[in-house]
>>> print(open('input.csv').read())   # CSV, C-alpha atoms and all ligand atoms
chain,number,residue,atom,x,y,z
A,24,MET,CA,-145.5,-149.0,-59.4
A,25,ALA,CA,-147.9,-146.5,-58.0
A,26,ILE,CA,-147.7,-143.2,-56.3
A,27,LEU,CA,-149.6,-143.4,-53.0
A,28,ASP,CA,-151.3,-140.5,-51.2
A,29,ILE,CA,-149.6,-139.5,-48.0
A,30,ILE,CA,-151.9,-138.9,-45.1
A,31,VAL,CA,-151.5,-135.5,-43.4
A,32,ALA,CA,-152.0,-135.1,-39.6
A,33,PRO,CA,-154.2,-134.9,-37.6
A,34,ASP,CA,-155.7,-138.1,-38.8
A,35,PRO,CA,-156.7,-141.2,-36.8
A,36,ARG,CA,-155.0,-143.5,-39.3
A,37,LEU,CA,-151.7,-142.1,-38.1
A,38,LYS,CA,-152.4,-143.2,-34.6
A,39,ILE,CA,-152.8,-147.0,-35.2
A,40,THR,CA,-150.4,-149.7,-34.1
A,41,ALA,CA,-149.4,-151.5,-37.3
A,42,LYS,CA,-149.3,-155.3,-37.5
A,43,ALA,CA,-146.2,-157.5,-38.2
A,44,VAL,CA,-146.1,-158.9,-41.7
A,45,LYS,CA,-146.2,-162.8,-41.7
A,46,ALA,CA,-143.8,-163.0,-44.7
A,47,VAL,CA,-142.3,-160.7,-47.3
A,48,ASP,CA,-144.3,-161.8,-50.3
A,49,ASP,CA,-145.0,-160.0,-53.6
A,50,ASP,CA,-147.7,-157.9,-52.0
A,51,VAL,CA,-145.3,-156.6,-49.3
A,52,ARG,CA,-142.5,-156.0,-52.0
A,53,ALA,CA,-145.0,-154.0,-54.1
A,54,LEU,CA,-145.9,-151.9,-51.0
A,55,MET,CA,-142.2,-151.3,-50.3
A,56,ASP,CA,-141.5,-150.2,-53.8
A,57,ASP,CA,-144.6,-148.0,-54.1
A,58,MET,CA,-143.7,-146.4,-50.7
A,59,LEU,CA,-140.1,-145.7,-51.9
A,60,GLU,CA,-141.4,-144.1,-55.1
A,61,SER,CA,-144.0,-142.0,-53.3
A,62,MET,CA,-141.4,-140.9,-50.8
A,63,HIS,CA,-139.0,-139.8,-53.5
A,64,VAL,CA,-141.7,-137.9,-55.4
A,65,ALA,CA,-142.5,-136.1,-52.2
A,66,ASN,CA,-138.8,-135.4,-51.5
A,67,GLY,CA,-138.9,-137.3,-48.2
A,68,ILE,CA,-136.1,-139.4,-46.6
A,69,GLY,CA,-138.4,-141.9,-44.9
A,70,LEU,CA,-141.9,-143.2,-45.0
A,71,ALA,CA,-143.9,-145.7,-42.9
A,72,ALA,CA,-146.8,-147.8,-44.2
A,73,PRO,CA,-149.5,-146.1,-41.9
A,74,GLN,CA,-148.7,-142.8,-43.6
A,75,VAL,CA,-150.1,-144.3,-46.8
A,76,GLY,CA,-153.1,-146.0,-45.0
A,77,ASP,CA,-151.6,-149.4,-44.7
A,78,SER,CA,-151.4,-151.1,-41.3
A,79,ARG,CA,-148.4,-153.3,-41.8
A,80,ARG,CA,-145.0,-152.9,-40.1
A,81,VAL,CA,-143.1,-151.7,-43.2
A,82,ILE,CA,-140.8,-148.7,-43.5
A,83,VAL,CA,-138.6,-147.3,-46.2
A,84,VAL,CA,-135.6,-144.9,-45.8
A,85,ASP,CA,-133.2,-143.2,-48.2
A,86,ILE,CA,-131.0,-140.5,-46.7
A,87,SER,CA,-128.8,-140.1,-49.8
A,88,ARG,CA,-128.6,-136.5,-51.1
A,89,ALA,CA,-129.8,-135.5,-54.6
A,90,GLU,CA,-126.3,-135.6,-56.1
A,91,GLU,CA,-125.6,-139.0,-54.6
A,92,GLU,CA,-126.5,-142.5,-55.7
A,93,PRO,CA,-129.9,-143.5,-54.2
A,94,ASP,CA,-129.4,-145.7,-51.2
A,95,PRO,CA,-132.9,-147.1,-50.5
A,96,ILE,CA,-133.5,-149.4,-47.4
A,97,ARG,CA,-136.7,-151.4,-47.2
A,98,MET,CA,-137.6,-152.9,-43.8
A,99,ALA,CA,-140.4,-155.2,-42.7
A,100,ASN,CA,-140.9,-155.8,-38.9
A,101,PRO,CA,-138.0,-153.6,-37.8
A,102,GLU,CA,-137.0,-154.1,-34.2
A,103,LEU,CA,-134.4,-152.2,-32.1
A,104,LEU,CA,-131.9,-154.6,-30.7
A,105,TRP,CA,-129.8,-151.9,-29.0
A,106,VAL,CA,-129.8,-148.1,-28.6
A,107,SER,CA,-126.8,-146.0,-27.3
A,108,ASP,CA,-127.0,-144.2,-24.0
A,109,GLU,CA,-125.7,-141.2,-25.9
A,110,GLU,CA,-128.6,-139.1,-27.1
A,111,GLY,CA,-128.5,-136.7,-30.0
A,112,ASN,CA,-130.7,-133.7,-31.0
A,113,HIS,CA,-131.7,-133.5,-34.6
A,114,GLU,CA,-134.2,-131.4,-36.4
A,115,GLU,CA,-137.0,-133.6,-37.8
A,116,GLY,CA,-139.8,-133.1,-40.3
A,117,CYS,CA,-142.4,-135.5,-41.6
A,118,LEU,CA,-144.3,-135.9,-44.9
A,119,SER,CA,-147.5,-136.2,-42.7
A,120,LEU,CA,-146.7,-132.9,-41.1
A,121,PRO,CA,-145.8,-130.8,-44.1
A,122,GLU,CA,-143.5,-127.8,-43.5
A,123,GLN,CA,-143.3,-128.4,-39.7
A,124,TYR,CA,-139.9,-129.0,-38.0
A,125,ALA,CA,-138.7,-129.5,-34.5
A,126,GLU,CA,-135.6,-130.7,-32.6
A,127,VAL,CA,-136.2,-134.2,-31.2
A,128,GLU,CA,-133.9,-136.0,-28.7
A,129,ARG,CA,-133.3,-139.7,-29.4
A,130,PRO,CA,-130.5,-142.2,-29.0
A,131,GLU,CA,-127.7,-141.2,-31.3
A,132,SER,CA,-126.9,-144.8,-32.4
A,133,ILE,CA,-129.0,-147.9,-32.8
A,134,ARG,CA,-128.9,-151.5,-34.0
A,135,VAL,CA,-132.0,-152.7,-35.9
A,136,ARG,CA,-133.1,-156.1,-37.0
A,137,TYR,CA,-135.5,-156.4,-39.9
A,138,LEU,CA,-136.6,-158.4,-42.9
A,139,ASP,CA,-135.3,-157.1,-46.2
A,140,ARG,CA,-137.0,-157.1,-49.7
A,141,SER,CA,-136.2,-160.8,-50.1
A,142,GLY,CA,-137.5,-161.7,-46.7
A,143,GLU,CA,-133.9,-162.3,-45.3
A,144,GLU,CA,-133.3,-161.3,-41.8
A,145,GLN,CA,-130.8,-158.4,-41.6
A,146,GLU,CA,-129.1,-156.3,-38.9
A,147,LEU,CA,-128.0,-152.8,-39.4
A,148,ASP,CA,-126.0,-150.4,-37.2
A,149,ALA,CA,-126.9,-146.8,-37.8
A,150,THR,CA,-125.8,-143.5,-36.3
A,151,GLY,CA,-126.7,-139.8,-36.7
A,152,MET,CA,-129.2,-138.9,-39.3
A,153,LEU,CA,-129.8,-142.5,-40.4
A,154,ALA,CA,-130.5,-143.6,-36.8
A,155,THR,CA,-132.8,-140.7,-36.4
A,156,CYS,CA,-134.7,-141.4,-39.5
A,157,ILE,CA,-135.1,-145.1,-38.8
A,158,GLN,CA,-136.4,-144.4,-35.2
A,159,HIS,CA,-138.8,-141.8,-36.6
A,160,GLU,CA,-140.2,-144.2,-39.1
A,161,MET,CA,-140.4,-147.0,-36.6
A,162,ASP,CA,-142.4,-144.7,-34.3
A,163,HIS,CA,-145.1,-144.4,-37.0
A,164,LEU,CA,-145.7,-148.1,-36.7
A,165,ASP,CA,-146.8,-147.5,-33.1
A,166,GLY,CA,-148.9,-144.4,-33.9
A,167,ILE,CA,-146.2,-142.0,-32.7
A,168,LEU,CA,-145.4,-138.8,-34.5
A,169,PHE,CA,-142.3,-136.7,-34.0
A,170,VAL,CA,-144.4,-134.0,-32.3
A,171,ASP,CA,-145.2,-136.5,-29.6
A,172,HIS,CA,-141.6,-136.1,-28.4
A,173,ILE,CA,-141.8,-132.3,-28.0
A,174,SER,CA,-143.6,-130.1,-25.5
A,175,SER,CA,-147.4,-130.3,-25.6
A,176,LEU,CA,-147.5,-126.5,-26.3
A,177,LYS,CA,-145.4,-126.8,-29.4
A,178,ARG,CA,-147.3,-130.0,-30.5
A,179,LYS,CA,-150.6,-128.3,-30.2
A,180,MET,CA,-149.4,-125.3,-32.1
A,181,ILE,CA,-148.2,-127.4,-35.0
A,182,LEU,CA,-151.3,-129.6,-35.1
A,183,ARG,CA,-153.6,-126.6,-35.0
A,184,LYS,CA,-151.7,-125.1,-37.9
A,185,LEU,CA,-152.2,-128.3,-39.9
A,186,SER,CA,-155.9,-128.5,-39.0
A,187,LYS,CA,-156.4,-125.0,-40.2
A,188,ALA,CA,-154.5,-125.7,-43.5
A,189,LYS,CA,-156.7,-128.8,-44.0
A,190,LYS,CA,-159.9,-126.8,-43.5
A,191,MET,CA,-158.7,-124.1,-45.9
A,192,ALA,CA,-157.9,-126.8,-48.5
A,193,THR,CA,-161.3,-128.4,-48.3
A,194,ALA,CA,-163.3,-125.1,-48.0
A,201,NI,NI,-142.8,-139.1,-40.4
>>> encode(input="input.csv", output="structure tokens", more="lines below")
Ligand code: NI
Amino acid sequence: MAILDIIVAPDPRLKITAKAVKAVDDDVRALMDDMLESMHVANGIGLAAPQVGDSRRVIVVDISRAEEEPDPIRMANPELLWVSDEEGNHEEGCLSLPEQYAEVERPESIRVRYLDRSGEEQELDATGMLATCIQHEMDHLDGILFVDHISSLKRKMILRKLSKAKKMATA
């Protein structure tokens, strides 16, 4: 397994539309496993392939707490089959927007269809934090960041901060 570098915004690689995987083969499985490991090392609860510079529709999620058993979910080609009318407001962060947080409104519950690590089709019902996390990661596959859901003023503030931090780091 390998620890992958996580791309920090603003970066054009975070704005791409990722492509469906044709089949979950060894290469896709390796990507899923590397992404999970990289996410755990970075203390994240979700990661999408474009965040590590890969343009395939793959996401990983694990919302278990440090004291709990790990509960990793690997998804290829995730698709929302249903979303609730009820919306929820949850604070979101992102490994590609380090130390930036904002409340985002999204459907509170979802049903998602995806291919698992064996290439089997699965359906999952999720609510609350898991639903939020899956929707956040799926957004990445279409080049959407959580800051795209908040006011443009707040978004610009956050992106400007990150740009500055990047310049300082390379100066
Ligand atoms: Ni993210």
>>> atom_distance(input="input.csv", atom1="atom CA of Ser87 of chain A", atom2="atom CA of Leu185 of chain A")
28.0 Å
>>> residues_around(input="input.csv", residues="Arg79 of chain A", least_positions_apart="6", cutoff="6 Å", atoms="all atoms listed in the file", output="count of residues only")
3
>>> residues_near_ligand(input="input.csv", ligand="ligand NI 201 (chain A)", cutoff="9 Å", atoms="all atoms listed in the file", output="number ranges by chain")
A: 67, 69-71, 74, 115-120, 156, 159-160, 162-163, 167-169
>>> atom_distance(input="input.csv", atom1="atom CA of Glu131 of chain A", atom2="atom CA of Leu153 of chain A")
9.4 Å
>>> closest_residue(input="input.csv", among="A:Ala25, A:Val106, A:Met55, A:Val44", to="Ile82 of chain A", atoms="all atoms listed in the file")
A:Met55
>>> closest_residue(input="input.csv", among="A:Ile39, A:Leu54, A:Ala65, A:Val127", to="Arg97 of chain A", atoms="only C-alpha atoms")
A:Leu54
>>> closest_residue(input="input.csv", among="A:Gly166, A:Ala53, A:Glu92, A:Met180", to="Pro35 of chain A", atoms="all atoms listed in the file")
A:Gly166
>>> residues_near_point(input="input.csv", point="(-129.7, -144.3, -36.5)", cutoff="10 Å", atoms="only C-alpha atoms", output="number ranges by chain")
A: 106-107, 129-135, 147-159
>>> residues_near_point(input="input.csv", point="(-153.9, -134.6, -45.2)", cutoff="12 Å", atoms="all atoms listed in the file", output="MDAnalysis selection string")
chainID A and resid 28:37 74:76 118:121 182 185:193
>>> write_last_selection(input="input.csv", atoms="C-alpha atoms", output="PDB file, in the frame of the given file")
ATOM      1  CA  ASP A  28    -151.300-140.500 -51.200  1.00  0.00           C
ATOM      2  CA  ILE A  29    -149.600-139.500 -48.000  1.00  0.00           C
ATOM      3  CA  ILE A  30    -151.900-138.900 -45.100  1.00  0.00           C
ATOM      4  CA  VAL A  31    -151.500-135.500 -43.400  1.00  0.00           C
ATOM      5  CA  ALA A  32    -152.000-135.100 -39.600  1.00  0.00           C
ATOM      6  CA  PRO A  33    -154.200-134.900 -37.600  1.00  0.00           C
ATOM      7  CA  ASP A  34    -155.700-138.100 -38.800  1.00  0.00           C
ATOM      8  CA  PRO A  35    -156.700-141.200 -36.800  1.00  0.00           C
ATOM      9  CA  ARG A  36    -155.000-143.500 -39.300  1.00  0.00           C
ATOM     10  CA  LEU A  37    -151.700-142.100 -38.100  1.00  0.00           C
ATOM     11  CA  GLN A  74    -148.700-142.800 -43.600  1.00  0.00           C
ATOM     12  CA  VAL A  75    -150.100-144.300 -46.800  1.00  0.00           C
ATOM     13  CA  GLY A  76    -153.100-146.000 -45.000  1.00  0.00           C
ATOM     14  CA  LEU A 118    -144.300-135.900 -44.900  1.00  0.00           C
ATOM     15  CA  SER A 119    -147.500-136.200 -42.700  1.00  0.00           C
ATOM     16  CA  LEU A 120    -146.700-132.900 -41.100  1.00  0.00           C
ATOM     17  CA  PRO A 121    -145.800-130.800 -44.100  1.00  0.00           C
ATOM     18  CA  LEU A 182    -151.300-129.600 -35.100  1.00  0.00           C
ATOM     19  CA  LEU A 185    -152.200-128.300 -39.900  1.00  0.00           C
ATOM     20  CA  SER A 186    -155.900-128.500 -39.000  1.00  0.00           C
ATOM     21  CA  LYS A 187    -156.400-125.000 -40.200  1.00  0.00           C
ATOM     22  CA  ALA A 188    -154.500-125.700 -43.500  1.00  0.00           C
ATOM     23  CA  LYS A 189    -156.700-128.800 -44.000  1.00  0.00           C
ATOM     24  CA  LYS A 190    -159.900-126.800 -43.500  1.00  0.00           C
ATOM     25  CA  MET A 191    -158.700-124.100 -45.900  1.00  0.00           C
ATOM     26  CA  ALA A 192    -157.900-126.800 -48.500  1.00  0.00           C
ATOM     27  CA  THR A 193    -161.300-128.400 -48.300  1.00  0.00           C
TER      28      THR A 193
END
>>> closest_residue(input="input.csv", among="A:Glu102, A:Lys184, A:Ser61, A:Val83", to="Glu122 of chain A", atoms="only C-alpha atoms")
A:Lys184
>>> atom_distance(input="input.csv", atom1="atom CA of Gly142 of chain A", atom2="atom CA of Ala89 of chain A")
28.4 Å
>>> closest_residue(input="input.csv", among="A:Ala194, A:Met98, A:Val84, A:Ile173", to="Arg136 of chain A", atoms="all atoms listed in the file")
A:Met98
>>> closest_residue(input="input.csv", among="A:Tyr137, A:Asp165, A:His63, A:Gln123", to="Arg183 of chain A", atoms="all atoms listed in the file")
A:Gln123
>>> residues_around(input="input.csv", residues="Ala46 of chain A", least_positions_apart="2", cutoff="10 Å", atoms="only C-alpha atoms", output="CSV table (one decimal) with C-alpha atoms, keeping the file's coordinate frame")
chain,number,residue,atom,x,y,z
A,43,ALA,CA,-146.2,-157.5,-38.2
A,44,VAL,CA,-146.1,-158.9,-41.7
A,48,ASP,CA,-144.3,-161.8,-50.3
A,49,ASP,CA,-145.0,-160.0,-53.6
A,50,ASP,CA,-147.7,-157.9,-52.0
A,51,VAL,CA,-145.3,-156.6,-49.3
A,99,ALA,CA,-140.4,-155.2,-42.7
A,100,ASN,CA,-140.9,-155.8,-38.9
A,138,LEU,CA,-136.6,-158.4,-42.9
A,141,SER,CA,-136.2,-160.8,-50.1
A,142,GLY,CA,-137.5,-161.7,-46.7
A,143,GLU,CA,-133.9,-162.3,-45.3
>>> residues_around(input="input.csv", residues="Ile26 of chain A", least_positions_apart="2", cutoff="9 Å", atoms="only C-alpha atoms", output="ChimeraX atom specification")
/A:24,28,57-58,60-62,64
>>> write_last_selection(input="input.csv", atoms="C-alpha atoms", output="PDB file, keeping the file's coordinate frame")
ATOM      1  CA  MET A  24    -145.500-149.000 -59.400  1.00  0.00           C
ATOM      2  CA  ASP A  28    -151.300-140.500 -51.200  1.00  0.00           C
ATOM      3  CA  ASP A  57    -144.600-148.000 -54.100  1.00  0.00           C
ATOM      4  CA  MET A  58    -143.700-146.400 -50.700  1.00  0.00           C
ATOM      5  CA  GLU A  60    -141.400-144.100 -55.100  1.00  0.00           C
ATOM      6  CA  SER A  61    -144.000-142.000 -53.300  1.00  0.00           C
ATOM      7  CA  MET A  62    -141.400-140.900 -50.800  1.00  0.00           C
ATOM      8  CA  VAL A  64    -141.700-137.900 -55.400  1.00  0.00           C
TER       9      VAL A  64
END
>>> build_atoms(input="input.csv", residues="segment 121-143 of chain A", atoms="N, CA, C and O atoms", output="short mmCIF file (atom, residue, chain, number, x, y, z; two decimals), keeping the file's coordinate frame")
data_model
loop_
_atom_site.label_atom_id
_atom_site.label_comp_id
_atom_site.auth_asym_id
_atom_site.auth_seq_id
_atom_site.Cartn_x
_atom_site.Cartn_y
_atom_site.Cartn_z
N PRO A 121 -146.51 -131.55 -43.09
CA PRO A 121 -145.80 -130.80 -44.10
C PRO A 121 -145.32 -129.40 -43.53
O PRO A 121 -146.09 -128.71 -42.87
N GLU A 122 -144.08 -129.09 -43.81
CA GLU A 122 -143.50 -127.80 -43.50
C GLU A 122 -143.37 -127.53 -41.98
O GLU A 122 -143.23 -126.38 -41.56
N GLN A 123 -143.44 -128.57 -41.16
CA GLN A 123 -143.30 -128.40 -39.70
C GLN A 123 -142.01 -129.11 -39.28
O GLN A 123 -141.75 -130.23 -39.72
N TYR A 124 -141.23 -128.44 -38.45
CA TYR A 124 -139.90 -129.00 -38.00
C TYR A 124 -139.75 -128.75 -36.54
O TYR A 124 -140.21 -127.75 -36.02
N ALA A 125 -139.06 -129.67 -35.89
CA ALA A 125 -138.70 -129.50 -34.50
C ALA A 125 -137.52 -130.34 -34.14
O ALA A 125 -137.29 -131.38 -34.76
N GLU A 126 -136.76 -129.90 -33.13
CA GLU A 126 -135.60 -130.70 -32.60
C GLU A 126 -136.19 -131.80 -31.75
O GLU A 126 -137.03 -131.54 -30.88
N VAL A 127 -135.72 -133.02 -31.99
CA VAL A 127 -136.20 -134.20 -31.20
C VAL A 127 -134.93 -134.87 -30.65
O VAL A 127 -133.93 -135.05 -31.36
N GLU A 128 -135.01 -135.26 -29.36
CA GLU A 128 -133.90 -136.00 -28.70
C GLU A 128 -134.15 -137.47 -28.80
O GLU A 128 -135.22 -137.93 -28.41
N ARG A 129 -133.18 -138.19 -29.33
CA ARG A 129 -133.30 -139.70 -29.40
C ARG A 129 -131.89 -140.25 -29.25
O ARG A 129 -130.89 -139.54 -29.40
N PRO A 130 -131.84 -141.57 -29.02
CA PRO A 130 -130.50 -142.20 -29.00
C PRO A 130 -129.77 -141.94 -30.30
O PRO A 130 -130.34 -141.96 -31.38
N GLU A 131 -128.47 -141.65 -30.18
CA GLU A 131 -127.70 -141.20 -31.30
C GLU A 131 -127.34 -142.43 -32.24
O GLU A 131 -127.22 -142.27 -33.44
N SER A 132 -127.23 -143.62 -31.66
CA SER A 132 -126.90 -144.80 -32.40
C SER A 132 -127.83 -145.96 -32.07
O SER A 132 -128.29 -146.04 -30.94
N ILE A 133 -128.08 -146.81 -33.06
CA ILE A 133 -129.00 -147.90 -32.80
C ILE A 133 -128.49 -149.17 -33.60
O ILE A 133 -127.67 -149.06 -34.52
N ARG A 134 -128.99 -150.33 -33.18
CA ARG A 134 -128.90 -151.50 -34.00
C ARG A 134 -130.29 -152.03 -34.25
O ARG A 134 -131.07 -152.18 -33.31
N VAL A 135 -130.63 -152.26 -35.52
CA VAL A 135 -132.00 -152.70 -35.90
C VAL A 135 -131.97 -153.98 -36.63
O VAL A 135 -131.07 -154.23 -37.43
N ARG A 136 -132.93 -154.83 -36.30
CA ARG A 136 -133.10 -156.10 -37.00
C ARG A 136 -134.38 -156.00 -37.84
O ARG A 136 -135.38 -155.46 -37.35
N TYR A 137 -134.37 -156.53 -39.07
CA TYR A 137 -135.50 -156.40 -39.90
C TYR A 137 -135.50 -157.48 -41.02
O TYR A 137 -134.48 -158.16 -41.20
N LEU A 138 -136.60 -157.59 -41.75
CA LEU A 138 -136.60 -158.40 -42.90
C LEU A 138 -136.47 -157.55 -44.15
O LEU A 138 -137.15 -156.53 -44.27
N ASP A 139 -135.57 -157.92 -45.05
CA ASP A 139 -135.30 -157.10 -46.20
C ASP A 139 -136.32 -157.50 -47.36
O ASP A 139 -137.22 -158.31 -47.15
N ARG A 140 -136.11 -156.92 -48.53
CA ARG A 140 -137.00 -157.10 -49.70
C ARG A 140 -137.15 -158.59 -50.06
O ARG A 140 -138.14 -159.02 -50.65
N SER A 141 -136.10 -159.39 -49.78
CA SER A 141 -136.20 -160.80 -50.10
C SER A 141 -136.68 -161.66 -48.94
O SER A 141 -136.71 -162.88 -49.03
N GLY A 142 -137.01 -160.98 -47.84
CA GLY A 142 -137.50 -161.70 -46.70
C GLY A 142 -136.36 -162.26 -45.81
O GLY A 142 -136.58 -163.01 -44.87
N GLU A 143 -135.11 -161.86 -46.13
CA GLU A 143 -133.90 -162.30 -45.30
C GLU A 143 -133.85 -161.40 -44.09
O GLU A 143 -134.06 -160.19 -44.16
#
